[in-house]
Structure formats: C-alpha cells, structure tokens
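Reproduced below: final-v6.txt, with compact mmCIF, C-alpha atoms (C1' of nucleotides).
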```txt
# COMPACT_ATOMS: atom_id res chain seq x y z
CA MET F 8 1.76 -39.66 51.84
CA TYR F 9 2.25 -35.97 51.28
CA PRO F 10 0.74 -34.17 54.27
CA GLN F 11 1.46 -30.73 52.79
CA LEU F 12 -0.74 -31.43 49.78
CA ILE F 13 -3.40 -33.26 51.80
CA SER F 14 -3.71 -30.42 54.24
CA HIS F 15 -4.06 -27.89 51.44
CA ILE F 16 -6.85 -29.88 49.82
CA GLY F 17 -8.44 -30.32 53.25
CA LYS F 18 -9.15 -26.60 53.36
CA TYR F 19 -11.63 -26.98 50.51
CA VAL F 20 -13.01 -30.55 50.50
CA GLN F 21 -12.96 -33.49 52.93
CA LEU F 22 -11.28 -36.59 51.52
CA THR F 23 -11.50 -40.02 53.15
CA HIS F 24 -8.29 -41.74 54.14
CA ASP F 25 -8.61 -44.08 51.14
CA GLU F 26 -9.04 -41.18 48.77
CA GLU F 27 -5.98 -39.46 50.20
CA GLN F 28 -4.06 -42.69 49.71
CA LEU F 29 -5.22 -43.05 46.12
CA LEU F 30 -4.32 -39.45 45.29
CA CYS F 31 -0.85 -39.75 46.81
CA GLU F 32 -0.16 -42.83 44.75
CA TYR F 33 -1.14 -40.88 41.71
CA VAL F 34 1.14 -37.86 42.15
CA GLU F 35 4.86 -37.87 41.54
CA LEU F 36 7.60 -36.14 43.54
CA ARG F 37 10.08 -34.17 41.45
CA GLN F 38 13.12 -32.15 42.43
CA TYR F 39 14.82 -29.41 40.46
CA LYS F 40 18.07 -27.55 40.88
CA LYS F 41 18.20 -23.79 40.62
CA LYS F 42 17.66 -22.71 36.97
CA ALA F 43 16.33 -26.16 35.94
CA TYR F 44 13.18 -26.24 33.80
CA LEU F 45 9.96 -27.87 34.96
CA LEU F 46 8.53 -27.15 31.51
CA GLU F 47 9.90 -25.75 28.27
CA ALA F 48 7.94 -24.04 25.51
CA GLY F 49 7.27 -26.38 22.62
CA LYS F 50 6.88 -29.47 24.79
CA HIS F 51 3.56 -30.70 26.13
CA CYS F 52 2.84 -29.70 29.70
CA PRO F 53 2.92 -32.98 31.65
CA GLY F 54 0.39 -31.93 34.27
CA ASN F 55 -0.23 -29.70 37.21
CA PHE F 56 2.65 -28.81 39.58
CA PHE F 57 2.13 -28.27 43.31
CA THR F 58 5.09 -26.48 44.88
CA LEU F 59 6.25 -28.08 48.15
CA LYS F 60 9.38 -25.99 48.52
CA GLY F 61 11.06 -23.32 46.43
CA VAL F 62 10.06 -20.69 43.88
CA THR F 63 9.39 -20.97 40.17
CA ARG F 64 8.66 -18.46 37.47
CA MET F 65 6.51 -18.98 34.40
CA TYR F 66 7.41 -16.87 31.38
CA LEU F 67 7.18 -16.59 27.63
CA ILE F 68 9.46 -15.18 24.98
CA ASN F 69 7.66 -12.29 23.32
CA ASP F 70 8.00 -10.87 19.81
CA ASP F 71 10.94 -8.69 20.86
CA LEU F 72 12.66 -11.84 22.15
CA ASN F 73 12.36 -10.63 25.72
CA GLU F 74 11.32 -12.86 28.58
CA GLN F 75 7.93 -11.80 29.89
CA ILE F 76 7.12 -13.33 33.28
CA VAL F 77 3.43 -14.08 33.66
CA GLN F 78 3.43 -15.75 37.05
CA PHE F 79 5.48 -16.90 40.00
CA SER F 80 4.69 -19.82 42.27
CA ILE F 81 5.81 -20.43 45.81
CA GLU F 82 4.96 -23.03 48.45
CA ASN F 83 1.42 -24.44 48.23
CA TRP F 84 0.61 -22.97 44.84
CA TRP F 85 -0.36 -24.88 41.74
CA ILE F 86 1.26 -23.91 38.47
CA ALA F 87 0.95 -25.25 34.90
CA ASP F 88 0.40 -24.18 31.32
CA TYR F 89 -3.35 -24.72 31.49
CA ASP F 90 -3.74 -23.79 27.85
CA SER F 91 -1.45 -26.66 26.91
CA LEU F 92 -3.31 -29.04 29.25
CA LEU F 93 -6.81 -28.00 28.19
CA ASN F 94 -6.19 -27.97 24.47
CA LYS F 95 -3.56 -30.75 24.34
CA GLN F 96 -1.15 -28.52 22.52
CA PRO F 97 2.54 -27.65 22.94
CA ALA F 98 3.30 -25.20 25.74
CA ARG F 99 3.84 -21.49 25.09
CA TYR F 100 5.46 -20.99 28.47
CA TYR F 101 8.63 -21.94 30.28
CA ILE F 102 8.47 -22.84 33.97
CA GLN F 103 11.84 -22.54 35.70
CA ALA F 104 13.05 -23.10 39.27
CA LEU F 105 14.59 -19.96 40.80
CA GLU F 106 15.73 -21.84 43.92
CA PRO F 107 16.27 -25.54 44.54
CA THR F 108 12.66 -26.62 44.23
CA GLU F 109 10.54 -29.61 45.15
CA VAL F 110 7.16 -30.16 43.51
CA LEU F 111 4.45 -32.76 43.23
CA LEU F 112 3.36 -33.43 39.68
CA LEU F 113 -0.26 -34.42 39.14
CA PRO F 114 0.13 -35.96 35.68
CA ASP F 115 -2.58 -34.94 33.25
CA LYS F 116 -2.74 -38.46 31.83
CA ASN F 117 -5.84 -40.26 33.15
CA VAL F 118 -6.54 -37.38 35.49
CA GLU F 119 -10.21 -37.48 34.52
CA HIS F 120 -10.29 -41.12 35.58
CA LEU F 121 -8.90 -40.05 38.95
CA PHE F 122 -11.59 -37.38 39.17
CA ASP F 123 -14.25 -40.02 38.43
CA GLN F 124 -12.94 -42.03 41.39
CA ILE F 125 -12.76 -38.96 43.64
CA PRO F 126 -15.39 -36.42 42.51
CA LYS F 127 -14.47 -34.16 45.42
CA LEU F 128 -11.15 -33.56 43.67
CA GLU F 129 -13.03 -32.17 40.72
CA ARG F 130 -14.61 -29.67 43.08
CA TYR F 131 -11.23 -28.83 44.58
CA PHE F 132 -9.77 -28.08 41.17
CA ARG F 133 -12.86 -26.14 40.11
CA ILE F 134 -12.23 -23.93 43.12
CA MET F 135 -8.49 -23.67 42.35
CA MET F 136 -9.28 -22.62 38.77
CA GLN F 137 -11.84 -20.12 39.97
CA ARG F 138 -9.33 -18.64 42.41
CA ALA F 139 -6.68 -18.45 39.71
CA TYR F 140 -9.14 -16.77 37.40
CA VAL F 141 -10.16 -14.24 40.04
CA ALA F 142 -6.50 -13.46 40.76
CA SER F 143 -5.84 -13.00 37.08
CA GLN F 144 -8.86 -10.68 36.69
CA ARG F 145 -7.67 -8.66 39.63
CA ARG F 146 -4.29 -8.35 38.05
CA ILE F 147 -5.85 -6.95 34.88
CA GLY F 148 -7.70 -4.46 37.07
CA PHE F 149 -4.39 -3.39 38.63
CA ILE F 150 -2.68 -3.08 35.27
CA TYR F 151 -5.34 -0.73 33.98
CA GLY F 152 -6.20 1.04 37.19
CA MET F 153 -2.76 1.97 38.51
CA SER F 154 0.40 3.55 37.17
CA ASP F 155 3.49 1.33 37.04
CA GLU F 156 4.85 3.00 40.15
CA GLU F 157 1.64 2.47 42.12
CA ARG F 158 1.52 -1.14 41.00
CA TYR F 159 5.08 -1.70 42.17
CA ARG F 160 4.43 -0.24 45.61
CA HIS F 161 1.17 -2.15 45.89
CA PHE F 162 2.86 -5.43 45.00
CA LEU F 163 5.57 -4.76 47.54
CA LYS F 164 3.05 -4.17 50.29
CA LEU F 165 1.09 -7.34 49.50
CA ASN F 166 4.08 -9.63 48.88
CA PRO F 167 7.01 -8.46 50.96
CA GLU F 168 8.51 -12.00 51.24
CA PHE F 169 8.63 -12.21 47.49
CA VAL F 170 10.94 -9.30 46.98
CA GLN F 171 13.60 -11.09 49.02
CA ARG F 172 13.40 -14.23 46.96
CA VAL F 173 13.48 -13.11 43.35
CA PRO F 174 15.87 -10.76 41.55
CA GLN F 175 14.49 -7.33 40.91
CA TYR F 176 14.68 -7.47 37.18
CA MET F 177 12.29 -10.43 37.32
CA LEU F 178 9.86 -8.44 39.40
CA ALA F 179 10.13 -5.66 36.83
CA SER F 180 9.36 -8.17 34.09
CA TYR F 181 6.34 -9.48 36.01
CA LEU F 182 5.09 -5.96 36.62
CA GLY F 183 5.62 -5.07 32.97
CA PHE F 184 8.30 -2.41 33.00
CA THR F 185 12.07 -2.08 32.64
CA PRO F 186 14.66 -2.75 35.36
CA GLN F 187 15.94 0.81 34.78
CA PHE F 188 12.58 2.31 35.58
CA MET F 189 12.32 0.14 38.67
CA SER F 190 15.69 1.36 39.83
CA ARG F 191 14.49 4.93 39.42
CA ILE F 192 11.42 4.27 41.55
CA ARG F 193 13.46 2.62 44.27
CA ALA F 194 15.94 5.50 44.38
CA LYS F 195 13.04 7.91 44.85
CA LYS F 196 11.89 6.07 47.96
CA VAL F 197 13.90 8.37 50.29
CA MET Y 19 -36.00 -26.87 28.78
CA TYR Y 20 -33.30 -24.59 27.46
CA PRO Y 21 -31.76 -26.35 24.44
CA GLN Y 22 -29.18 -23.58 23.96
CA LEU Y 23 -27.69 -24.20 27.40
CA ILE Y 24 -28.01 -27.99 27.17
CA SER Y 25 -26.26 -28.09 23.84
CA HIS Y 26 -23.42 -25.94 25.16
CA ILE Y 27 -22.91 -28.23 28.13
CA GLY Y 28 -23.14 -31.22 25.80
CA LYS Y 29 -19.89 -30.18 24.17
CA TYR Y 30 -18.02 -30.93 27.39
CA VAL Y 31 -19.95 -33.59 29.38
CA GLN Y 32 -22.83 -35.97 28.63
CA LEU Y 33 -25.87 -35.41 30.86
CA THR Y 34 -28.77 -37.87 31.09
CA HIS Y 35 -32.23 -36.61 30.26
CA ASP Y 36 -33.12 -36.51 33.96
CA GLU Y 37 -30.05 -34.47 34.76
CA GLU Y 38 -30.88 -32.01 32.00
CA GLN Y 39 -34.38 -31.73 33.44
CA LEU Y 40 -33.09 -31.12 36.95
CA LEU Y 41 -30.66 -28.45 35.79
CA CYS Y 42 -33.30 -26.62 33.78
CA GLU Y 43 -35.59 -26.51 36.79
CA TYR Y 44 -32.75 -25.00 38.72
CA VAL Y 45 -31.89 -22.11 36.40
CA GLU Y 46 -33.95 -18.97 36.01
CA LEU Y 47 -34.71 -17.01 32.83
CA ARG Y 48 -34.15 -13.26 33.10
CA GLN Y 49 -34.63 -10.48 30.58
CA TYR Y 50 -33.04 -7.05 30.58
CA LYS Y 51 -33.62 -3.90 28.57
CA LYS Y 52 -30.70 -2.04 27.06
CA LYS Y 53 -28.68 -0.31 29.79
CA ALA Y 54 -30.30 -2.36 32.59
CA TYR Y 55 -28.01 -3.85 35.24
CA LEU Y 56 -27.64 -7.59 35.79
CA LEU Y 57 -25.40 -6.79 38.75
CA GLU Y 58 -24.34 -3.64 40.55
CA ALA Y 59 -21.19 -3.12 42.60
CA GLY Y 60 -21.88 -3.34 46.33
CA LYS Y 61 -24.57 -6.02 45.97
CA HIS Y 62 -23.89 -9.74 46.21
CA CYS Y 63 -23.57 -11.47 42.87
CA PRO Y 64 -26.63 -13.76 42.70
CA GLY Y 65 -24.95 -16.44 40.59
CA ASN Y 66 -23.60 -17.28 37.21
CA PHE Y 67 -25.19 -15.74 34.07
CA PHE Y 68 -25.37 -17.62 30.77
CA THR Y 69 -26.13 -15.28 27.87
CA LEU Y 70 -28.83 -16.59 25.53
CA LYS Y 71 -29.15 -13.42 23.47
CA GLY Y 72 -27.59 -9.96 23.62
CA VAL Y 73 -24.34 -8.41 24.87
CA THR Y 74 -23.25 -7.35 28.33
CA ARG Y 75 -20.23 -5.56 29.66
CA MET Y 76 -18.62 -6.03 33.04
CA TYR Y 77 -16.79 -3.03 34.44
CA LEU Y 78 -15.52 -1.37 37.58
CA ILE Y 79 -15.12 2.23 38.63
CA ASN Y 80 -11.41 2.87 39.20
CA ASP Y 81 -9.66 5.37 41.45
CA ASP Y 82 -9.96 8.12 38.83
CA LEU Y 83 -13.72 7.47 38.75
CA ASN Y 84 -13.49 6.13 35.21
CA GLU Y 85 -15.30 3.02 34.04
CA GLN Y 86 -12.81 0.27 33.29
CA ILE Y 87 -14.34 -2.57 31.27
CA VAL Y 88 -12.85 -5.92 32.20
CA GLN Y 89 -14.95 -8.22 30.08
CA PHE Y 90 -17.76 -8.49 27.55
CA SER Y 91 -20.12 -11.42 27.16
CA ILE Y 92 -22.11 -12.44 24.12
CA GLU Y 93 -24.24 -15.47 23.28
CA ASN Y 94 -23.20 -18.73 24.98
CA TRP Y 95 -20.77 -17.14 27.41
CA TRP Y 96 -20.90 -17.31 31.17
CA ILE Y 97 -20.32 -14.14 33.13
CA ALA Y 98 -20.30 -13.33 36.85
CA ASP Y 99 -18.27 -11.63 39.55
CA TYR Y 100 -16.51 -14.84 40.57
CA ASP Y 101 -14.69 -13.06 43.35
CA SER Y 102 -18.02 -12.14 44.91
CA LEU Y 103 -19.31 -15.71 44.46
CA LEU Y 104 -16.20 -17.46 45.73
CA ASN Y 105 -15.65 -15.27 48.75
CA LYS Y 106 -19.30 -14.42 49.49
CA GLN Y 107 -18.57 -10.73 49.44
CA PRO Y 108 -20.17 -7.69 47.78
CA ALA Y 109 -19.41 -7.31 44.09
CA ARG Y 110 -16.72 -4.96 42.81
CA TYR Y 111 -18.10 -5.03 39.29
CA TYR Y 112 -21.14 -3.83 37.40
CA ILE Y 113 -22.66 -6.05 34.71
CA GLN Y 114 -24.82 -4.12 32.26
CA ALA Y 115 -26.83 -5.06 29.16
CA LEU Y 116 -25.69 -3.19 26.04
CA GLU Y 117 -28.57 -4.56 23.97
CA PRO Y 118 -31.89 -6.09 24.98
CA THR Y 119 -30.53 -9.20 26.64
CA GLU Y 120 -31.81 -12.59 27.74
CA VAL Y 121 -29.84 -14.67 30.21
CA LEU Y 122 -30.17 -17.80 32.32
CA LEU Y 123 -29.18 -17.30 35.94
CA LEU Y 124 -27.69 -20.28 37.72
CA PRO Y 125 -28.25 -19.09 41.30
CA ASP Y 126 -25.28 -19.60 43.58
CA LYS Y 127 -27.53 -20.62 46.43
CA ASN Y 128 -27.41 -24.41 46.91
CA VAL Y 129 -25.37 -24.75 43.76
CA GLU Y 130 -23.05 -27.17 45.54
CA HIS Y 131 -26.04 -29.34 46.31
CA LEU Y 132 -26.87 -29.34 42.60
CA PHE Y 133 -23.27 -30.33 41.84
CA ASP Y 134 -23.57 -33.20 44.33
CA GLN Y 135 -26.59 -34.45 42.43
CA ILE Y 136 -24.89 -33.98 39.03
CA PRO Y 137 -21.12 -34.37 39.48
CA LYS Y 138 -20.64 -33.98 35.73
CA LEU Y 139 -21.68 -30.34 36.14
CA GLU Y 140 -18.78 -29.82 38.48
CA ARG Y 141 -16.49 -31.01 35.69
CA TYR Y 142 -18.22 -28.73 33.20
CA PHE Y 143 -17.67 -25.72 35.42
CA ARG Y 144 -14.11 -26.73 36.19
CA ILE Y 145 -13.50 -26.65 32.46
CA MET Y 146 -15.32 -23.31 32.09
CA MET Y 147 -13.17 -21.81 34.85
CA GLN Y 148 -10.02 -23.22 33.30
CA ARG Y 149 -10.98 -21.73 29.92
CA ALA Y 150 -11.73 -18.38 31.50
CA TYR Y 151 -8.40 -18.46 33.30
CA VAL Y 152 -6.51 -19.33 30.14
CA ALA Y 153 -8.26 -16.50 28.28
CA SER Y 154 -7.37 -14.11 31.05
CA GLN Y 155 -3.72 -15.23 31.05
CA ARG Y 156 -3.58 -14.77 27.30
CA ARG Y 157 -4.95 -11.30 27.69
CA ILE Y 158 -2.18 -10.42 30.15
CA GLY Y 159 0.29 -11.77 27.59
CA PHE Y 160 -1.21 -9.45 24.95
CA ILE Y 161 -1.15 -6.46 27.26
CA TYR Y 162 2.55 -6.87 27.94
CA GLY Y 163 3.62 -8.25 24.59
CA MET Y 164 1.98 -5.80 22.19
CA SER Y 165 1.67 -2.04 21.85
CA ASP Y 166 -1.82 -0.59 22.23
CA GLU Y 167 -2.09 -0.21 18.47
CA GLU Y 168 -1.13 -3.83 17.81
CA ARG Y 169 -3.55 -4.99 20.45
CA TYR Y 170 -6.35 -3.01 18.85
CA ARG Y 171 -5.70 -4.45 15.38
CA HIS Y 172 -5.33 -7.93 16.80
CA PHE Y 173 -8.63 -7.68 18.65
CA LEU Y 174 -10.34 -6.41 15.50
CA LYS Y 175 -9.08 -9.35 13.50
CA LEU Y 176 -10.17 -11.92 16.09
CA ASN Y 177 -13.55 -10.35 16.95
CA PRO Y 178 -14.90 -8.50 13.93
CA GLU Y 179 -18.56 -9.05 14.97
CA PHE Y 180 -17.86 -7.36 18.24
CA VAL Y 181 -16.84 -4.04 16.79
CA GLN Y 182 -20.28 -3.71 15.21
CA ARG Y 183 -22.08 -4.35 18.46
CA VAL Y 184 -20.37 -2.13 21.01
CA PRO Y 185 -19.51 1.60 20.91
CA GLN Y 186 -15.88 2.37 20.24
CA TYR Y 187 -15.21 4.11 23.48
CA MET Y 188 -16.12 0.87 25.26
CA LEU Y 189 -13.67 -1.05 23.13
CA ALA Y 190 -11.05 1.53 24.01
CA SER Y 191 -11.88 1.07 27.69
CA TYR Y 192 -11.59 -2.71 27.37
CA LEU Y 193 -8.27 -2.41 25.53
CA GLY Y 194 -6.97 0.02 28.12
CA PHE Y 195 -6.50 3.27 26.26
CA THR Y 196 -8.36 6.50 25.52
CA PRO Y 197 -11.04 6.99 22.87
CA GLN Y 198 -8.89 9.82 21.48
CA PHE Y 199 -5.98 7.51 20.90
CA MET Y 200 -8.26 4.97 19.27
CA SER Y 201 -9.53 7.63 16.94
CA ARG Y 202 -5.97 8.44 15.95
CA ILE Y 203 -5.25 4.79 15.15
CA ARG Y 204 -8.39 4.45 13.08
CA ALA Y 205 -7.63 7.61 11.13
CA LYS Y 206 -4.20 6.23 10.28
CA LYS Y 207 -5.74 3.16 8.67
CA VAL Y 208 -5.80 4.82 5.21
C1' DC B 10 -39.22 15.01 11.16
C1' DC B 11 -36.66 17.77 14.30
C1' DT B 12 -34.13 18.54 18.24
C1' DA B 13 -31.32 17.30 22.25
C1' DA B 14 -28.15 14.24 23.77
C1' DA B 15 -24.66 10.89 23.09
C1' DA B 16 -20.75 9.29 20.51
C1' DA B 17 -16.82 10.02 17.54
C1' DA B 18 -13.11 12.79 15.60
C1' DT B 19 -9.31 16.26 15.70
C1' DG B 20 -5.23 18.91 17.19
C1' DA B 21 -1.78 20.67 20.35
C1' DA B 22 0.70 20.52 24.55
C1' DC B 23 2.36 17.37 27.78
C1' DC B 24 4.22 13.33 30.62
C1' DA B 25 5.10 8.47 32.26
C1' DG B 26 7.88 5.14 31.04
C1' DT B 27 11.50 3.41 27.31
C1' DT B 28 15.93 3.23 25.14
C1' DT B 29 20.64 3.47 24.94
C1' DA B 30 24.90 3.54 27.04
C1' DA B 31 28.14 3.19 30.64
C1' DG B 32 29.76 1.96 34.98
C1' DA B 33 29.39 0.04 39.85
C1' DA B 34 28.24 -3.66 42.88
C1' DA B 35 27.20 -8.19 44.05
C1' DT B 36 27.24 -13.36 43.11
C1' DT B 37 29.13 -17.41 41.36
C1' DA B 38 32.50 -20.66 39.89
C1' DA B 39 36.92 -22.43 39.61
C1' DT M 19 40.89 -15.01 45.70
C1' DT M 20 40.32 -13.79 41.37
C1' DA M 21 37.96 -13.73 37.01
C1' DA M 22 33.63 -14.07 34.95
C1' DT M 23 29.00 -13.33 35.05
C1' DT M 24 24.87 -11.51 36.66
C1' DT M 25 22.42 -7.79 38.80
C1' DC M 26 21.63 -2.96 39.87
C1' DT M 27 22.13 2.09 39.17
C1' DT M 28 22.34 6.64 36.84
C1' DA M 29 21.39 9.90 33.32
C1' DA M 30 20.11 11.96 28.83
C1' DA M 31 17.33 11.78 24.76
C1' DC M 32 13.16 10.05 23.04
C1' DT M 33 8.24 8.25 22.07
C1' DG M 34 3.66 6.14 22.64
C1' DG M 35 -0.12 7.43 24.60
C1' DT M 36 -2.77 11.08 27.63
C1' DT M 37 -5.20 15.39 28.54
C1' DC M 38 -7.81 19.18 27.48
C1' DA M 39 -10.60 21.81 24.53
C1' DT M 40 -13.41 22.08 20.51
C1' DT M 41 -16.02 20.39 16.39
C1' DT M 42 -18.58 17.05 13.76
C1' DT M 43 -21.49 13.04 13.37
C1' DT M 44 -24.83 9.72 14.93
C1' DT M 45 -28.64 8.16 17.67
C1' DA M 46 -32.96 8.23 20.17
C1' DG M 47 -37.25 9.97 21.40
C1' DG M 48 -41.30 13.17 21.47
```
Is it possible to give me this structure as structure tokens?
Amino acid sequence: MYPQLISHIGKYVQLTHDEEQLLCEYVELRQYKKKAYLLEAGKHCPGNFFTLKGVTRMYLINDDLNEQIVQFSIENWWIADYDSLLNKQPARYYIQALEPTEVLLLPDKNVEHLFDQIPKLERYFRIMMQRAYVASQRRIGFIYGMSDEERYRHFLKLNPEFVQRVPQYMLASYLGFTPQFMSRIRAKKV
Amino acid sequence: MYPQLISHIGKYVQLTHDEEQLLCEYVELRQYKKKAYLLEAGKHCPGNFFTLKGVTRMYLINDDLNEQIVQFSIENWWIADYDSLLNKQPARYYIQALEPTEVLLLPDKNVEHLFDQIPKLERYFRIMMQRAYVASQRRIGFIYGMSDEERYRHFLKLNPEFVQRVPQYMLASYLGFTPQFMSRIRAKKV
DNA sequence: CCTAAAAAATGAACCAGTTTAAGAAATTAA
DNA sequence: TTAATTTCTTAAACTGGTTCATTTTTTAGG
C-alpha cells in the first residue's frame, strides 16, 4: 500500500479499501539516482509518474539545441509526456531526476481496463488533467501578461521552496530567458 | 438529438442510444450574434460550450488593460473557463462570438450526476482535457522555441482557414505580439 | 450609395532581453 | 585536498520586437 498516493486521491474521490488495494497492485515503485532519466525523448512514455520524493524536470531539446524546461515536478505531482501517452507515439520530452527521486509509475498498458474496474479513478484523472490544463493556461497568461523580470519575481513569491532545490539556470530555462539576464535581475534586488 | 455532438463523442467512446438520449436532454442549445458574449469575466462560467457553428475567442484583460487572447474555438471544439468551473470561482476570461455562433452548453450544475449515470462520458472528458493540456503544452513549447516571426508562419501553415475568419490584430494578440509587428512580417513576405 | 467607424499598414525612435566573452565561486569526484 | 566540472556573475555590443504618431484601406449601416 502507498498511503501517500491513496491520501492524494482521497482528496478528490472516495475509493473503497478493495479499490485502493487493486490500484496499489497496479502501480510500480521506481527509484532514480540524481541525473537519471525517467524518460528519454524517442522512447515511448511508459505511463504516468507520481512523485513520492524528490524533484524532476521535463524538458525538450529545441531547434537551437538548447534544453528548454517545460515543467518541474515535486512531491505529490503527476508528470508524464501526455502527448506520447495519448497518441501512442515516441516522446518529445526528457524527464530527469534532479535529486535522488522515488516515484510510482502507473503504467499506461491496460490502464483503461483499470479505469473500467474503478470508474472513480477516471474522474480523479479527469480532474488532474483539468488542473494541469488550467495551470498551463495560467502560465500562458503570465508569459504574455508580464515582463520576464515580473514573471521571475512572481514565480519566486509563489514557489519559494523551489528556488532552493533547483539550480538557477534551470529556473531561467523554465521561465524562458538566459542565466545571464537572471543574474542581472538578482543583482538589482538590492 | 444533436448528431454533430454525438458523432464527435463517438470518436472516443461508444454510447448506447439511451445514453445519447439522456445526454441530449441535458445539454442546451444557445445562439449568439456577432460580438455577443458567451461568458464575461466576473460571472461564474455556466458550463462547457461545444461549438456547432461559428468562431469564438477567449481573452482576458491584462495589467496594461489590453485584451490578451488565450484561445479560439471553431466547430467541434469545447471551450470554457475551466478554472472557474473547477474551483467554483468567478471567471477571469471573456468568451465572445466573432461570427453568428451556435453552441451547445453542457451546464456544470449536476454534471457529476450525469457522469455517474454515463461513466463513459467521464472518460470522454478526461480525454478532452488531456488533449487540451497537450495542446497547451505544445503552445508553450512554440512560444519558447520559436521567434515571433517563425511562430506566425507556423500558425499560418497549420491553420490557414483561421486567418480568413478572424481579424489580424486578434491573431497578433493570440500569438503574443503587436499588430504593427505583424504588419511588418507580412510586408516582408514578398 | 455614401459616410463614419473599424481595421490594417507604415516609419522612426526606443528598450527589454540576448549574445559573446571572460572570470569568479561553488560542487563534485577521486 | 586538489583538479575538474558545473554554476553564477559582470559588462559591452547588439537585435527582435514595441511604442507612438500618422495614413490608407475595409467594413457596416442608415
């Protein structure tokens, strides 16, 4: 049993004890060292990862051969290349552990069969997808509505823990500007 | 019965005739003149809109008091302020008809009861949310991976119909730059 | 069909953020 | 504990895209 997962799901839908049991048999515990890859571009995404402990980043290599981070995940977040899962195609993204990391993998294989057995899980994942979508829409709003500097300060205010856990140049990549520019902003802070 | 909706759903899940019937009783046909609002910021989003005919834009007013378009919808797309729906809070966005537009409203009220009666609908909307999320993630990738000019040309190539149907300054707003800059790009095309 | 209003185009001055380059500081591995 | 590597900082020159002001074209309605 994985109480951390069960309790997260419990915030959205009420599973019976049997359903919890069934789900926990279905998921798979995986551990990664720092810098290890949960997923590499070109491979098929094996399923949906729930972070128990640690931090990961999801990124792609863009046309200029730079790494562009699209998302981080920390404890109690789901992360996956949903494009790869939905359209059964090779992943575009890398997912990499930035600390020693422990995740639960919900394999995509037969997942619809699992959902047939536990329809409440389908609701749970509908809500997770909706939340992810809303977060992503908000991010687009921030990108267009704020200057890079405002967006940096805003991110800092909302996610102070984060800044301790990931190197600054990765934050710069996530926020869409250069480490040099970030350094300039930080120097200004006085 | 609304065959256009039923056939769209049919691409993802198989409903029985009774289920189709039940769903169609649940949705509500609405018609809007050009420039009419399906939703205004500050009000609660009444539910999920499925476009039968026409075009709408979804936008917010940013800190500089400019309209920032976050999304368009055309035939067979769902559109809503999912943040408002999910968190039962007033909408941040406006949704406005750009042509005479006909939509089906799936009211949010009791929608979970409807999903209990037709669990396959929950799967359908999970998939819709996942698709929307993927699209939104891709858009963030484009924003960071391409210059404004590249993004404009890329959008044109993928959505040629669109350019005929919406004024250019709205496209510029959606793509995140000024109408003046867009004009410059277009002039260059020779 | 004509006019007022809305949308699109143009040009010049300007600025937020990039690029390039070099060095300093902090981590990591051995 | 040192060498190697990764991360952070600083500064000057540069550029993609904005702003402001004006003109031209298109659209809608009486």
Worksheet entry | Shell around Ile113 in chain Y at 8 Å using only C-alpha atoms (C1' of nucleotides), local window under 4 positions removed, as a count of residues only | 9
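With distances taken over all atoms listed in the file, Y:Lys71 is the one residue among Y:Arg144, Y:Lys71, Y:Arg183, Y:His62 lying closest to Arg48 in chain Y.
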Item to complete: Please provide the set of residues having any atom within 12 Å of DC32 in chain M, restricted to all atoms listed in the file, with same-chain residues fewer than 5 positions apart removed, written as a ChimeraX atom specification.
Response: /B:26-29
Would you pick out the contacts of DA17 in chain B at 9 Å or less, using only C-alpha atoms (C1' of nucleotides), so that residues sharing its chain but fewer than 5 positions from it are not included, and give the list as a CSV table (one decimal) with C-alpha atoms (C1' of nucleotides), in the coordinates of the input?
```
chain,number,residue,atom,x,y,z
Y,186,GLN,CA,-15.9,2.4,20.2
Y,187,TYR,CA,-15.2,4.1,23.5
Y,197,PRO,CA,-11.0,7.0,22.9
Y,198,GLN,CA,-8.9,9.8,21.5
Y,201,SER,CA,-9.5,7.6,16.9
M,42,DT,C1',-18.6,17.0,13.8
M,43,DT,C1',-21.5,13.0,13.4
M,44,DT,C1',-24.8,9.7,14.9
```
Worksheet item: Got a sec to pull out which chain Y residues are within 8 Å of chain F, counting all atoms listed in the file, and send them as JSON, numbers by chain?
Response: {"Y": [80, 81, 86, 88, 100, 101, 104, 137, 140, 141, 143, 144, 145, 147, 148, 149, 150, 151, 152, 154, 155, 158, 159, 162, 163, 194]}
Closest atom pairs, residues of chain B within 9 Å of chain Y, only C-alpha atoms (C1' of nucleotides), as CSV:
```
residue,atom,partner,partner_atom,distance
B:DA16,C1',Y:Pro185,CA,7.8
B:DA17,C1',Y:Ser201,CA,7.7
B:DA18,C1',Y:Ser201,CA,6.4
B:DT19,C1',Y:Arg202,CA,8.5
```
Item to complete: Hey, list the chain M side of the contact with chain F: 8 Å cut-off, only C-alpha atoms (C1' of nucleotides), answer as a list in words.
Response: DT25, DC26 and DT27 of chain M
Item to complete: Can you work out the spacing between CA of Phe173 in chain Y and CA of Arg99 in chain F in Å, to one decimal?
Response: 19.7 Å
Fill in: Separation of CA of Tyr44 in chain Y from CA of Lys127 in chain Y, in Å and rounded to one decimal
10.3 Å
Practice prompt. Quick one: residues within 10 Å of (1.3, 22.0, 25.2) (file frame), counting only C-alpha atoms (C1' of nucleotides), please, as a ChimeraX atom specification.
Written response: /B:21-23 /M:37-38
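CA of Glu157 in chain F lies 28.0 Å from CA of Tyr101 in chain F.
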